[in-house]
$ cat run-v1.txt   # compact mmCIF, C-alpha atoms and all ligand atoms
# COMPACT_ATOMS: atom_id res chain seq x y z
CA MET A 611 -3.26 -3.88 -23.62
CA TYR A 612 -3.47 -6.05 -20.52
CA TYR A 613 -6.10 -5.64 -17.83
CA THR A 614 -5.87 -7.29 -14.46
CA LYS A 615 -8.27 -8.90 -12.08
CA GLU A 616 -7.89 -7.25 -8.71
CA GLU A 617 -7.71 -3.51 -7.91
CA ASP A 618 -10.03 -2.12 -10.58
CA SER A 619 -8.45 1.26 -10.90
CA THR A 620 -5.06 0.09 -9.71
CA LEU A 621 -3.64 -1.58 -12.73
CA GLN A 622 -5.30 0.60 -15.26
CA LEU A 623 -2.12 1.28 -17.18
CA VAL A 624 -0.63 -2.18 -17.42
CA GLY A 625 1.04 -2.44 -20.78
CA VAL A 626 0.29 1.17 -21.71
CA PRO A 627 3.28 3.52 -22.07
CA PHE A 628 3.29 6.29 -19.48
CA LEU A 629 2.63 9.80 -20.64
CA LYS A 630 5.39 12.26 -19.95
CA SER A 631 3.69 14.53 -17.45
CA SER A 632 5.17 15.63 -14.17
CA SER A 633 4.02 13.87 -11.03
CA SER A 634 2.47 15.75 -8.17
CA ASN A 635 3.83 13.10 -5.84
CA SER A 636 7.49 13.66 -6.53
CA ARG A 637 8.28 15.86 -3.59
CA CYS A 638 11.48 17.65 -2.87
CA HIS A 639 12.23 18.98 0.60
CA THR A 640 15.17 20.84 1.95
CA THR A 641 15.40 18.66 5.08
CA PRO A 642 16.52 15.15 4.18
CA SER A 643 15.36 12.28 6.37
CA ARG A 644 17.76 11.35 9.17
CA ILE A 645 17.68 7.77 7.94
CA THR A 646 19.08 8.52 4.54
CA GLN A 647 21.50 11.27 5.46
CA ARG A 648 24.41 8.85 5.41
CA GLU A 649 23.51 7.94 1.88
CA ILE A 650 22.54 11.29 0.49
CA SER A 651 26.03 12.31 -0.60
CA SER A 652 26.22 9.33 -2.91
CA SER A 653 22.51 8.99 -3.73
CA ASN A 654 22.61 11.45 -6.59
CA ARG A 655 25.39 9.55 -8.25
CA ARG A 656 24.56 5.91 -7.75
CA MET A 657 21.71 3.66 -8.72
CA PHE A 658 19.75 1.54 -6.25
CA GLY A 659 19.76 -2.12 -7.29
CA ALA A 660 16.43 -3.82 -6.63
CA VAL A 661 15.04 -7.32 -6.32
CA VAL A 662 11.32 -8.05 -6.69
CA VAL A 663 9.99 -10.79 -4.40
CA GLY A 664 6.80 -12.53 -5.59
CA ILE A 665 5.77 -12.54 -9.23
CA GLY A 666 2.02 -12.11 -9.02
CA THR A 667 0.13 -9.13 -10.40
CA ALA A 668 1.87 -6.56 -8.20
CA GLY A 669 5.37 -8.04 -8.67
CA TRP A 670 4.94 -8.02 -12.44
CA VAL A 671 3.93 -4.35 -12.37
CA ARG A 672 6.88 -3.46 -10.14
CA ILE A 673 9.31 -4.95 -12.66
CA ARG A 674 7.55 -3.17 -15.51
CA ASP A 675 7.71 0.19 -13.73
CA ILE A 676 11.37 -0.11 -12.68
CA LEU A 677 12.28 -1.01 -16.27
CA ALA A 678 10.39 2.02 -17.64
CA PRO A 679 10.42 4.69 -14.90
CA HIS A 680 8.61 7.96 -15.20
CA GLN A 681 10.98 10.25 -17.07
CA GLY A 682 12.85 12.75 -14.93
CA SER A 683 11.62 11.20 -11.66
CA SER A 684 13.58 9.69 -8.77
CA ALA A 685 12.31 6.27 -9.94
CA GLU A 686 15.03 6.46 -12.61
CA LYS A 687 17.53 5.76 -9.80
CA LEU A 688 16.23 2.20 -9.43
CA THR A 689 17.52 -0.66 -11.49
CA VAL A 690 16.11 -4.18 -11.29
CA LYS A 691 18.72 -6.91 -10.72
CA GLY A 692 16.43 -9.92 -10.48
CA PHE A 693 13.31 -11.44 -9.03
CA ILE A 694 12.60 -14.12 -6.44
CA SER A 695 9.80 -16.64 -6.70
CA ARG A 696 8.92 -19.90 -4.99
CA ARG A 697 8.24 -21.21 -8.45
CA SER A 698 11.02 -21.89 -10.92
CA LEU A 699 10.30 -19.38 -13.66
CA ASP A 700 11.80 -18.24 -16.96
CA SER A 701 13.03 -14.68 -17.12
CA GLN A 702 10.25 -12.12 -16.63
CA GLN A 703 10.28 -9.05 -18.87
CA GLY A 704 13.96 -9.84 -19.49
CA VAL A 705 14.79 -10.06 -15.77
CA SER A 706 16.27 -13.27 -14.31
CA GLN A 707 15.33 -15.27 -11.25
CA LEU A 708 17.61 -15.16 -8.20
CA SER A 709 17.68 -17.23 -5.04
CA VAL A 710 16.90 -15.49 -1.74
CA GLU A 711 20.44 -16.28 -0.54
CA GLU A 712 22.04 -14.63 -3.55
CA ALA A 713 19.85 -11.52 -3.27
CA LEU A 714 20.66 -11.18 0.43
CA LYS A 715 24.40 -11.29 -0.05
CA ARG A 716 24.75 -9.29 -3.26
CA LYS A 717 26.26 -5.87 -2.65
CA ASP A 718 24.64 -4.41 -5.75
CA ILE A 719 21.15 -5.13 -4.36
CA ASP A 720 20.09 -2.34 -2.03
CA VAL A 721 16.33 -2.65 -2.12
CA ALA A 722 13.68 -5.40 -1.97
CA PHE A 723 10.12 -5.05 -3.25
CA VAL A 724 7.94 -7.49 -1.30
CA CYS A 725 4.97 -8.36 -3.53
CA THR A 726 3.93 -11.77 -2.21
CA GLU A 727 0.55 -12.66 -0.71
CA ASN A 728 0.07 -10.86 2.61
CA SER A 729 0.85 -13.79 4.90
CA ALA A 730 4.43 -13.92 3.55
CA HIS A 731 5.13 -10.19 3.96
CA GLU A 732 6.37 -10.28 7.54
CA GLU A 733 9.04 -12.92 6.95
CA ASN A 734 10.28 -11.31 3.75
CA VAL A 735 10.39 -7.79 5.18
CA ARG A 736 12.29 -9.00 8.27
CA THR A 737 14.77 -11.06 6.23
CA PHE A 738 15.65 -8.21 3.89
CA LEU A 739 15.86 -5.57 6.63
CA GLN A 740 18.13 -7.85 8.64
CA ALA A 741 20.39 -8.17 5.60
CA GLY A 742 20.63 -4.34 5.41
CA LYS A 743 18.32 -3.82 2.43
CA HIS A 744 15.69 -1.07 2.16
CA VAL A 745 12.19 -2.51 1.74
CA CYS A 746 9.10 -1.47 -0.18
CA VAL A 747 6.23 -3.78 0.80
CA GLU A 748 2.77 -3.89 -0.76
CA TYR A 749 0.13 -3.19 1.87
CA PRO A 750 -0.30 -4.51 4.53
CA MET A 751 3.25 -5.07 5.78
CA ALA A 752 2.03 -7.44 8.51
CA LEU A 753 -1.16 -9.16 9.58
CA ASN A 754 -1.05 -7.78 13.13
CA TYR A 755 -0.13 -4.52 14.81
CA LYS A 756 2.62 -5.88 17.06
CA THR A 757 4.58 -7.19 14.10
CA ALA A 758 4.16 -3.94 12.17
CA VAL A 759 5.69 -2.04 15.13
CA GLU A 760 8.57 -4.55 15.34
CA LEU A 761 9.33 -4.19 11.64
CA TRP A 762 9.36 -0.38 11.82
CA ASN A 763 11.68 -0.57 14.85
CA LEU A 764 13.99 -2.96 13.01
CA ALA A 765 14.16 -0.60 10.02
CA GLN A 766 14.94 2.30 12.32
CA GLU A 767 17.68 0.39 14.17
CA LYS A 768 19.26 -0.53 10.87
CA GLY A 769 18.93 3.00 9.42
CA LEU A 770 16.89 1.69 6.48
CA ILE A 771 13.82 2.89 4.61
CA LEU A 772 10.73 0.75 5.16
CA HIS A 773 7.94 1.85 2.86
CA GLU A 774 4.40 0.46 2.74
CA GLU A 775 2.70 0.96 -0.61
CA HIS A 776 -0.66 2.77 -0.50
CA ILE A 777 -1.73 3.24 -4.11
CA GLU A 778 -5.36 3.79 -3.05
CA LEU A 779 -4.38 7.31 -1.98
CA TYR A 780 -3.16 8.13 -5.49
CA SER A 781 -6.29 7.42 -7.54
CA GLU A 782 -7.92 10.45 -9.16
CA ASP A 783 -11.28 9.39 -7.67
CA TYR A 784 -9.78 9.48 -4.20
CA LYS A 785 -8.01 12.81 -4.75
CA GLN A 786 -11.35 14.29 -5.86
CA LEU A 787 -13.17 12.75 -2.89
CA LYS A 788 -10.61 14.24 -0.53
CA LYS A 789 -11.14 17.69 -2.06
CA GLU A 790 -14.93 17.31 -1.62
CA VAL A 791 -14.60 16.28 2.03
CA LYS A 792 -12.08 18.97 2.95
CA GLY A 793 -13.48 21.66 5.23
CA LYS A 794 -16.81 19.85 5.79
CA THR A 795 -18.02 18.80 9.23
CA LEU A 796 -18.93 15.13 9.36
CA LEU A 797 -22.07 14.02 11.19
CA GLU A 798 -21.87 10.34 10.27
CA GLY A 799 -20.63 8.14 7.46
CA THR A 800 -20.40 4.71 5.89
CA LEU A 801 -17.93 3.14 3.49
CA HIS A 802 -19.18 -0.16 2.11
CA PHE A 803 -16.82 -2.19 -0.06
CA THR A 804 -17.85 -5.26 -2.01
CA GLY A 805 -15.58 -7.57 -3.99
CA GLY A 806 -14.91 -11.10 -5.13
CA VAL A 807 -13.41 -13.86 -3.01
CA LEU A 808 -9.74 -13.41 -2.14
CA LYS A 809 -7.17 -16.14 -2.63
CA PRO A 810 -5.82 -17.77 0.55
CA GLY A 811 -2.97 -15.96 2.32
CA PHE A 812 -4.43 -12.45 2.19
CA GLY A 813 -5.37 -12.44 5.87
CA PHE A 814 -8.32 -11.22 7.92
CA MET A 815 -10.61 -8.74 6.12
CA ALA A 816 -9.57 -5.76 8.23
CA PHE A 817 -5.99 -6.29 6.99
CA SER A 818 -6.64 -7.36 3.39
CA GLY A 819 -8.97 -4.35 3.13
CA ILE A 820 -6.68 -1.90 4.91
CA ALA A 821 -6.80 0.36 1.84
CA ARG A 822 -10.41 1.25 2.71
CA LEU A 823 -9.51 1.92 6.34
CA THR A 824 -6.63 4.09 5.12
CA TRP A 825 -9.12 6.17 3.13
CA LEU A 826 -11.24 6.74 6.24
CA VAL A 827 -8.25 7.69 8.39
CA ASP A 828 -6.81 9.93 5.69
CA LEU A 829 -10.20 11.66 5.27
CA PHE A 830 -11.34 11.94 8.89
CA GLY A 831 -8.22 11.58 11.08
CA GLN A 832 -7.67 9.28 14.05
CA LEU A 833 -10.47 6.80 14.73
CA ALA A 834 -11.48 4.56 17.62
CA VAL A 835 -13.15 1.17 17.12
CA THR A 836 -16.31 0.70 19.19
CA ALA A 837 -17.70 -2.57 17.78
CA ALA A 838 -17.05 -5.10 15.03
CA THR A 839 -18.81 -8.20 13.73
CA LEU A 840 -18.12 -10.85 11.12
CA GLU A 841 -20.83 -12.75 9.26
CA GLU A 842 -19.60 -15.78 7.38
CA ASP A 843 -21.14 -18.48 5.24
CA ILE A 844 -18.18 -20.76 4.61
CA SER A 845 -20.20 -23.07 2.35
CA LYS A 846 -20.85 -20.10 0.04
CA ASN A 847 -17.39 -18.51 0.44
CA TYR A 848 -19.18 -15.40 1.67
CA SER A 849 -18.02 -13.01 4.40
CA LYS A 850 -19.06 -9.61 5.67
CA MET A 851 -17.20 -7.56 8.25
CA THR A 852 -18.84 -4.53 9.85
CA ALA A 853 -16.74 -2.20 11.97
CA LYS A 854 -18.17 0.69 13.95
CA MET A 855 -15.80 3.53 14.71
CA LEU A 856 -15.83 7.06 16.12
CA THR A 857 -13.91 10.08 14.92
CA ALA A 858 -12.04 12.30 17.40
CA ASP A 859 -15.25 14.44 17.47
CA GLN A 860 -17.26 11.34 18.43
CA LYS A 861 -18.97 11.11 15.05
CA PRO A 862 -19.89 7.57 13.96
CA LEU A 863 -18.25 5.94 10.94
CA THR A 864 -19.14 2.47 9.69
CA TRP A 865 -16.77 0.42 7.53
CA ILE A 866 -18.17 -2.67 5.78
CA GLU A 867 -16.09 -5.18 3.80
CA GLU A 868 -18.18 -7.74 1.98
CA ARG A 869 -16.75 -10.48 -0.21
CA GLY A 870 -18.38 -13.33 -2.04
CA PRO A 871 -18.45 -15.08 -5.41
CA GLY A 872 -19.65 -12.76 -8.14
CA LEU A 873 -19.70 -9.60 -6.00
CA GLN A 874 -18.63 -6.61 -8.10
CA ARG A 875 -15.65 -4.63 -6.91
CA VAL A 876 -17.40 -1.45 -5.73
CA LYS A 877 -16.96 1.16 -3.02
CA ASN A 878 -20.20 2.81 -1.85
CA ILE A 879 -20.09 5.85 0.37
CA ASN A 880 -22.66 7.71 2.38
CA PHE A 881 -21.16 10.66 4.22
CA GLN A 882 -23.51 13.04 6.01
CA PHE A 883 -22.04 16.48 6.64
CA GLU A 884 -23.53 19.53 8.35
CA SER A 885 -23.65 21.12 4.90
CA GLY A 886 -25.25 18.17 3.06
CA SER A 887 -24.51 14.62 2.00
CA LEU A 888 -22.04 12.90 -0.29
CA THR A 889 -23.27 9.55 -1.60
CA GLU A 890 -21.08 9.01 -4.64
CA ILE A 891 -17.36 8.91 -5.17
CA PRO A 892 -16.86 11.69 -7.68
CA PRO A 893 -15.89 10.03 -10.97
CA SER A 894 -12.64 11.43 -12.32
CA PRO A 895 -10.63 10.77 -15.47
CA ARG A 896 -7.61 8.52 -15.04
CA GLY A 897 -4.36 10.25 -14.21
CA ALA A 898 -1.46 10.26 -16.64
CA VAL A 899 0.86 8.46 -14.21
CA GLY A 900 -0.07 4.96 -13.04
CA LEU A 901 -0.77 4.37 -9.37
CA PHE A 902 2.12 1.96 -8.78
CA MET A 903 4.42 4.38 -10.62
CA GLN A 904 3.36 7.20 -8.28
CA ASP A 905 4.17 4.94 -5.35
CA LEU A 906 7.53 4.02 -6.89
CA ILE A 907 8.42 7.70 -7.24
CA HIS A 908 7.49 8.32 -3.61
CA PHE A 909 9.55 5.36 -2.40
CA SER A 910 12.59 6.26 -4.49
CA SER A 911 12.32 9.88 -3.31
CA LYS A 912 12.66 8.52 0.24
CA LEU A 913 15.75 6.54 -0.81
CA MET A 914 17.21 9.72 -2.29
CA GLY A 915 16.62 11.65 0.95
CA GLN A 916 14.10 13.93 -0.76
CA VAL A 917 11.20 13.33 1.64
CA SER A 918 11.32 15.15 4.96
CA GLN A 919 11.61 13.29 8.23
CA GLU A 920 8.35 14.95 9.26
CA ASP A 921 6.48 13.52 6.26
CA ILE A 922 8.02 10.07 6.77
CA GLN A 923 6.97 10.16 10.42
CA LYS A 924 3.39 11.22 9.56
CA GLU A 925 3.09 8.37 7.07
CA LYS A 926 4.43 5.88 9.60
CA MET A 927 1.94 7.08 12.24
CA ARG A 928 -0.96 6.70 9.79
CA ILE A 929 0.12 3.19 8.77
CA LEU A 930 0.58 2.07 12.39
CA HIS A 931 -2.74 3.62 13.42
CA CYS A 932 -4.55 1.72 10.64
CA SER A 933 -2.77 -1.49 11.62
CA GLU A 934 -3.80 -1.00 15.27
CA LEU A 935 -7.43 -0.37 14.25
CA ALA A 936 -7.42 -3.46 12.02
CA ASP A 937 -6.02 -5.53 14.88
CA LYS A 938 -8.73 -4.28 17.25
CA ILE A 939 -11.45 -5.03 14.65
CA GLN A 940 -10.10 -8.57 14.23
CA GLN A 941 -10.04 -9.13 18.00
CA LEU A 942 -13.68 -8.01 18.30
CA CYS A 943 -14.72 -10.24 15.40
CA ASP A 944 -12.84 -13.22 16.85
CA ARG A 945 -14.69 -13.04 20.19
P1 LIG A 1001 -1.16 -12.38 -6.68
O1 LIG A 1001 -2.09 -13.39 -6.17
O2 LIG A 1001 -1.17 -12.03 -8.12
O3 LIG A 1001 0.30 -12.81 -6.28
C1 LIG A 1001 0.60 -13.05 -4.91
C2 LIG A 1001 1.71 -14.04 -4.75
O4 LIG A 1001 1.27 -15.25 -5.24
C3 LIG A 1001 3.01 -13.73 -5.44
O5 LIG A 1001 4.06 -14.02 -4.57
C4 LIG A 1001 3.05 -14.68 -6.60
O6 LIG A 1001 4.36 -15.07 -6.90
C5 LIG A 1001 2.29 -15.82 -6.05
N1 LIG A 1001 1.62 -16.53 -7.10
C6 LIG A 1001 0.74 -16.05 -7.98
N2 LIG A 1001 0.33 -17.00 -8.80
C7 LIG A 1001 0.96 -18.13 -8.39
C8 LIG A 1001 0.94 -19.47 -8.82
N3 LIG A 1001 0.21 -19.84 -9.86
N4 LIG A 1001 1.71 -20.38 -8.15
C9 LIG A 1001 2.47 -19.99 -7.09
N5 LIG A 1001 2.52 -18.74 -6.64
C10 LIG A 1001 1.78 -17.84 -7.29
O7 LIG A 1001 -1.42 -11.09 -5.78
P2 LIG A 1001 -1.09 -9.56 -6.08
O8 LIG A 1001 -2.32 -8.91 -6.57
O9 LIG A 1001 0.15 -9.44 -6.84
O10 LIG A 1001 -0.88 -9.03 -4.60
C11 LIG A 1001 0.40 -9.06 -3.99
C12 LIG A 1001 0.48 -8.01 -2.92
O11 LIG A 1001 0.24 -6.74 -3.50
C13 LIG A 1001 -0.57 -8.19 -1.82
O12 LIG A 1001 0.03 -7.79 -0.62
C14 LIG A 1001 -1.63 -7.19 -2.17
O13 LIG A 1001 -2.31 -6.74 -1.02
C15 LIG A 1001 -0.78 -6.08 -2.77
N6 LIG A 1001 -1.51 -5.20 -3.66
C16 LIG A 1001 -1.96 -5.66 -4.85
C17 LIG A 1001 -2.65 -4.80 -5.68
C18 LIG A 1001 -3.15 -5.23 -7.02
O14 LIG A 1001 -3.78 -4.41 -7.68
N7 LIG A 1001 -2.92 -6.44 -7.47
C19 LIG A 1001 -2.88 -3.49 -5.29
C20 LIG A 1001 -2.38 -3.05 -4.07
C21 LIG A 1001 -1.70 -3.92 -3.26
$ encode --input "run-v1.txt" --output "C-alpha cells"
Amino acid sequence: MYYTKEEDSTLQLVGVPFLKSSSSNSRCHTTPSRITQREISSSNRRMFGAVVVGIGTAGWVRIRDILAPHQGSSAEKLTVKGFISRRSLDSQQGVSQLSVEEALKRKDIDVAFVCTENSAHEENVRTFLQAGKHVCVEYPMALNYKTAVELWNLAQEKGLILHEEHIELYSEDYKQLKKEVKGKTLLEGTLHFTGGVLKPGFGFMAFSGIARLTWLVDLFGQLAVTAATLEEDISKNYSKMTAKMLTADQKPLTWIEERGPGLQRVKNINFQFESGSLTEIPPSPRGAVGLFMQDLIHFSSKLMGQVSQEDIQKEKMRILHCSELADKIQQLCDR
C-alpha cells in the first residue's frame, strides 16, 4: 500500500483495489447538457481518449483511476493514451510519455487532465481548450478570478466541458458535516486549517486553500469578504491568512489558513448555531470509492451528457464565486 504526503484523506486508497459498490455521485438526468448534446448520440458507443498533464501525486492517481475505473460507472468510457511531463520519464503504470504537440493534434485524444502545480494550470487549460479538447483541471483552475471567467467563456465558446476537481466535497467527513449543518441557523463560525509548507507554484493561500473556502460556500451559501490579513515570517517559512466574511444573513464567518514547517494537516471548526455548537468534524469511516474516482465519475458523466445543464451551471457559479472571494482576499492581504 502507498500513502501520500498531501491531502490526508484524499489519497487514502492509493494502491488499494476499489470495492465494487455503487457510487452516489454517478448521476443520471433526463436533460443532457447543451454542451454535450452534439456528442451524446455517439457518447454511448465511443471511448474518450485522455492525456494526463503533470505526473505528480494527482497525475499519478489520475492514471491509476483511468486504468482501473469503478465498475459499471461512466469512468469506464475513458481510456488513457499518454501523459505529458516537463521531465523525460519512463512509462508510468504502463502509459507512455507524449509531447504537448502530439497530444494537441491527435484525434484520438479528446480530454486533458491538468494535474500540474497551480501556477501552470491556466496555460495548460487554455492550450487544450483551444485545441478542442475537454479539460478536467485539479483545483484551482486559475490563480485569479478574471482568468477563471475567461477560461469558462472559452470552454463555452468551443462547446467543451471544463471541469474543476473538488474532491474535498466527496469525503465522508464532509458529507457527515453537511448533514449536521443542514437545517441549522448559523450565528457565527470559524474554519481554521493548518498544514505543512507548500512547494513553490501553488499560489496565494486563498487559492491553494480554495478547498476550505469551497466547504464554507457549500455549507453556508454565498459569502462576502469584509477583511483579510496575512502574517508572514519568511525566515521561518511560516504564513497565516485570516479572512473575515459574512453570510447572506450577515452572520460572521472566519477562515484561517496557517502553514509552516511541522504543522499537522488539520481542519478545526467552531460553528455556533441557534440550536447549539459544532466544534468537531464528525469522524466517519472511509467510503468505498476513492475521492479522485468519485470526481472522475462526475467528470465522465458530464462528458456523456448525463449531468443536467442546471447542475453544471450551479457548479460553475460556485467555483466562480469561490474564485472571486479568493481574489478579493488576496487583494486585501496585498494592501
Ligand atoms: P505535486 O507536487 O506532486 O506535482 C505537481 C507538479 O509537479 C506535477 O506537474 C509534477 O509533474 C511536477 N513534479 C513533481 N515532482 C517533480 C520533480 N521532481 N521534478 C519536476 N517536476 C515535478 O502536486 P500534486 O499534489 O500532484 O498537485 C497537483 C494539482 O492537484 C494541484 O493543482 C493541487 O492543488 C491538486 N490537488 C492535489 C491533491 C492531492 O491530494 N495531491 C488533492 C486535490 C487537488
$ closest_atom_pairs --input "run-v1.txt" --of "chain A" --to "ligand LIG 1001 (chain A)" --cutoff "7 Å" --atoms "all atoms listed in the file" --output "tab-separated table"
residue	atom	partner	partner_atom	distance
A:Glu616	CA	A:LIG1001	O14	5.1
A:Glu617	CA	A:LIG1001	O14	4.0
A:Thr620	CA	A:LIG1001	O14	5.1
A:Leu621	CA	A:LIG1001	O14	5.8
A:Val663	CA	A:LIG1001	O5	6.8
A:Gly664	CA	A:LIG1001	O5	3.3
A:Ile665	CA	A:LIG1001	O6	3.7
A:Gly666	CA	A:LIG1001	O3	3.3
A:Thr667	CA	A:LIG1001	O9	3.6
A:Ala668	CA	A:LIG1001	O9	3.6
A:Gly669	CA	A:LIG1001	O9	5.7
A:Ser695	CA	A:LIG1001	O6	5.7
A:Arg696	CA	A:LIG1001	N5	6.7
A:Arg697	CA	A:LIG1001	C9	6.1
A:Cys725	CA	A:LIG1001	C12	4.5
A:Thr726	CA	A:LIG1001	O5	3.3
A:Glu727	CA	A:LIG1001	C1	4.2
A:Asn728	CA	A:LIG1001	O12	4.5
A:Glu748	CA	A:LIG1001	C15	4.6
A:Tyr749	CA	A:LIG1001	O13	5.2
A:Pro750	CA	A:LIG1001	O12	6.1
A:Ile777	CA	A:LIG1001	C20	6.3
A:Lys809	CA	A:LIG1001	O1	6.8
A:Phe812	CA	A:LIG1001	O13	6.9
A:Ser818	CA	A:LIG1001	O13	6.2
$ atom_distance --input "run-v1.txt" --atom1 "atom CA of Asp720 of chain A" --atom2 "atom CA of Glu686 of chain A"
14.7 Å
$ atom_distance --input "run-v1.txt" --atom1 "atom CA of Leu688 of chain A" --atom2 "atom CA of Glu767 of chain A"
23.7 Å
$ atom_distance --input "run-v1.txt" --atom1 "atom CA of Ser910 of chain A" --atom2 "atom CA of Lys687 of chain A"
7.3 Å
$ closest_residue --input "run-v1.txt" --among "A:Gly799, A:Gly692, A:Gly813, A:Pro679" --to "Gln940 of chain A" --atoms "all atoms listed in the file"
A:Gly813
$ closest_atom_pairs --input "run-v1.txt" --of "segment 844-935 of chain A" --to "segment 789-798 of chain A" --cutoff "12 Å" --atoms "all atoms listed in the file" --output "CSV"
residue,atom,partner,partner_atom,distance
A:Lys854,CA,A:Glu798,CA,11.0
A:Met855,CA,A:Glu798,CA,10.1
A:Leu856,CA,A:Glu798,CA,9.0
A:Thr857,CA,A:Leu796,CA,9.0
A:Ala858,CA,A:Leu796,CA,11.0
A:Asp859,CA,A:Leu796,CA,8.9
A:Gln860,CA,A:Leu797,CA,9.1
A:Lys861,CA,A:Glu798,CA,5.6
A:Pro862,CA,A:Glu798,CA,5.0
A:Leu863,CA,A:Glu798,CA,5.7
A:Thr864,CA,A:Glu798,CA,8.4
A:Trp865,CA,A:Glu798,CA,11.5
A:Ile879,CA,A:Glu798,CA,11.0
A:Asn880,CA,A:Glu798,CA,8.4
A:Phe881,CA,A:Glu798,CA,6.1
A:Gln882,CA,A:Glu798,CA,5.3
A:Phe883,CA,A:Leu796,CA,4.3
A:Glu884,CA,A:Thr795,CA,5.6
A:Ser885,CA,A:Lys794,CA,7.0
A:Gly886,CA,A:Lys794,CA,9.0
A:Ser887,CA,A:Leu796,CA,9.3
A:Leu888,CA,A:Glu790,CA,8.5
A:Thr889,CA,A:Glu790,CA,11.4
A:Glu890,CA,A:Glu790,CA,10.8
A:Ile891,CA,A:Glu790,CA,9.4
A:Pro892,CA,A:Glu790,CA,8.5
A:Pro893,CA,A:Glu790,CA,11.9
$ closest_residue --input "run-v1.txt" --among "A:Leu935, A:Val827, A:Met903, A:Leu913" --to "Ala678 of chain A" --atoms "all atoms listed in the file"
A:Met903
$ closest_residue --input "run-v1.txt" --among "A:Gln702, A:Thr804, A:Ser781, A:Gln919" --to "Gly872 of chain A" --atoms "all atoms listed in the file"
A:Thr804
$ residues_near_point --input "run-v1.txt" --point "(-15.9, -12.1, -10.7)" --cutoff "9 Å" --atoms "all atoms listed in the file" --output "PyMOL selection string"
chain A and resi 615+805-807+871-875
$ write_last_selection --input "run-v1.txt" --atoms "C-alpha atoms" --output "short mmCIF file (atom, residue, chain, number, x, y, z; two decimals), in the coordinates of the input"
data_model
loop_
_atom_site.label_atom_id
_atom_site.label_comp_id
_atom_site.auth_asym_id
_atom_site.auth_seq_id
_atom_site.Cartn_x
_atom_site.Cartn_y
_atom_site.Cartn_z
CA LYS A 615 -8.27 -8.90 -12.08
CA GLY A 805 -15.58 -7.57 -3.99
CA GLY A 806 -14.91 -11.10 -5.13
CA VAL A 807 -13.41 -13.86 -3.01
CA PRO A 871 -18.45 -15.08 -5.41
CA GLY A 872 -19.65 -12.76 -8.14
CA LEU A 873 -19.70 -9.60 -6.00
CA GLN A 874 -18.63 -6.61 -8.10
CA ARG A 875 -15.65 -4.63 -6.91
#
$ closest_residue --input "run-v1.txt" --among "A:Ile907, A:Ser698, A:Ala936, A:Ala821" --to "Gly682 of chain A" --atoms "all atoms listed in the file"
A:Ile907
$ closest_residue --input "run-v1.txt" --among "A:Gly831, A:Asn734, A:Lys938, A:Cys943" --to "Ser849 of chain A" --atoms "only C-alpha atoms"
A:Cys943
$ closest_residue --input "run-v1.txt" --among "A:Val705, A:Leu761, A:Cys746, A:Ala752" --to "Gly811 of chain A" --atoms "all atoms listed in the file"
A:Ala752
$ residues_near_point --input "run-v1.txt" --point "(-14.9, 6.0, -0.1)" --cutoff "8 Å" --atoms "all atoms listed in the file" --output "ChimeraX atom specification"
/A:784,787,801-802,822,825-826,877-879,891
$ build_atoms --input "run-v1.txt" --residues "segment 759-771 of chain A" --atoms "N, CA and C atoms" --output "mmCIF file, in the coordinates of the input"
data_model
loop_
_atom_site.group_PDB
_atom_site.id
_atom_site.type_symbol
_atom_site.label_atom_id
_atom_site.label_comp_id
_atom_site.auth_asym_id
_atom_site.auth_seq_id
_atom_site.Cartn_x
_atom_site.Cartn_y
_atom_site.Cartn_z
ATOM 1 N N VAL A 759 4.836 -2.888 14.277
ATOM 2 C CA VAL A 759 5.690 -2.040 15.130
ATOM 3 C C VAL A 759 7.115 -2.600 15.142
ATOM 4 N N GLU A 760 7.231 -3.921 15.307
ATOM 5 C CA GLU A 760 8.570 -4.550 15.340
ATOM 6 C C GLU A 760 9.340 -4.279 14.047
ATOM 7 N N LEU A 761 8.647 -4.380 12.926
ATOM 8 C CA LEU A 761 9.330 -4.190 11.640
ATOM 9 C C LEU A 761 9.786 -2.739 11.464
ATOM 10 N N TRP A 762 8.935 -1.794 11.890
ATOM 11 C CA TRP A 762 9.360 -0.380 11.820
ATOM 12 C C TRP A 762 10.570 -0.162 12.719
ATOM 13 N N ASN A 763 10.555 -0.746 13.928
ATOM 14 C CA ASN A 763 11.680 -0.570 14.850
ATOM 15 C C ASN A 763 12.958 -1.155 14.257
ATOM 16 N N LEU A 764 12.819 -2.317 13.621
ATOM 17 C CA LEU A 764 13.990 -2.960 13.010
ATOM 18 C C LEU A 764 14.568 -2.053 11.911
ATOM 19 N N ALA A 765 13.699 -1.490 11.093
ATOM 20 C CA ALA A 765 14.160 -0.600 10.020
ATOM 21 C C ALA A 765 14.893 0.602 10.616
ATOM 22 N N GLN A 766 14.330 1.127 11.691
ATOM 23 C CA GLN A 766 14.940 2.300 12.320
ATOM 24 C C GLN A 766 16.315 1.967 12.897
ATOM 25 N N GLU A 767 16.380 0.826 13.611
ATOM 26 C CA GLU A 767 17.680 0.390 14.170
ATOM 27 C C GLU A 767 18.740 0.259 13.095
ATOM 28 N N LYS A 768 18.319 -0.253 11.954
ATOM 29 C CA LYS A 768 19.260 -0.530 10.870
ATOM 30 C C LYS A 768 19.518 0.704 10.000
ATOM 31 N N GLY A 769 18.773 1.791 10.244
ATOM 32 C CA GLY A 769 18.930 3.000 9.420
ATOM 33 C C GLY A 769 18.471 2.782 7.993
ATOM 34 N N LEU A 770 17.374 2.029 7.828
ATOM 35 C CA LEU A 770 16.890 1.690 6.480
ATOM 36 C C LEU A 770 15.500 2.270 6.242
ATOM 37 N N ILE A 771 15.176 2.453 4.973
ATOM 38 C CA ILE A 771 13.820 2.890 4.610
ATOM 39 C C ILE A 771 12.915 1.660 4.550
#
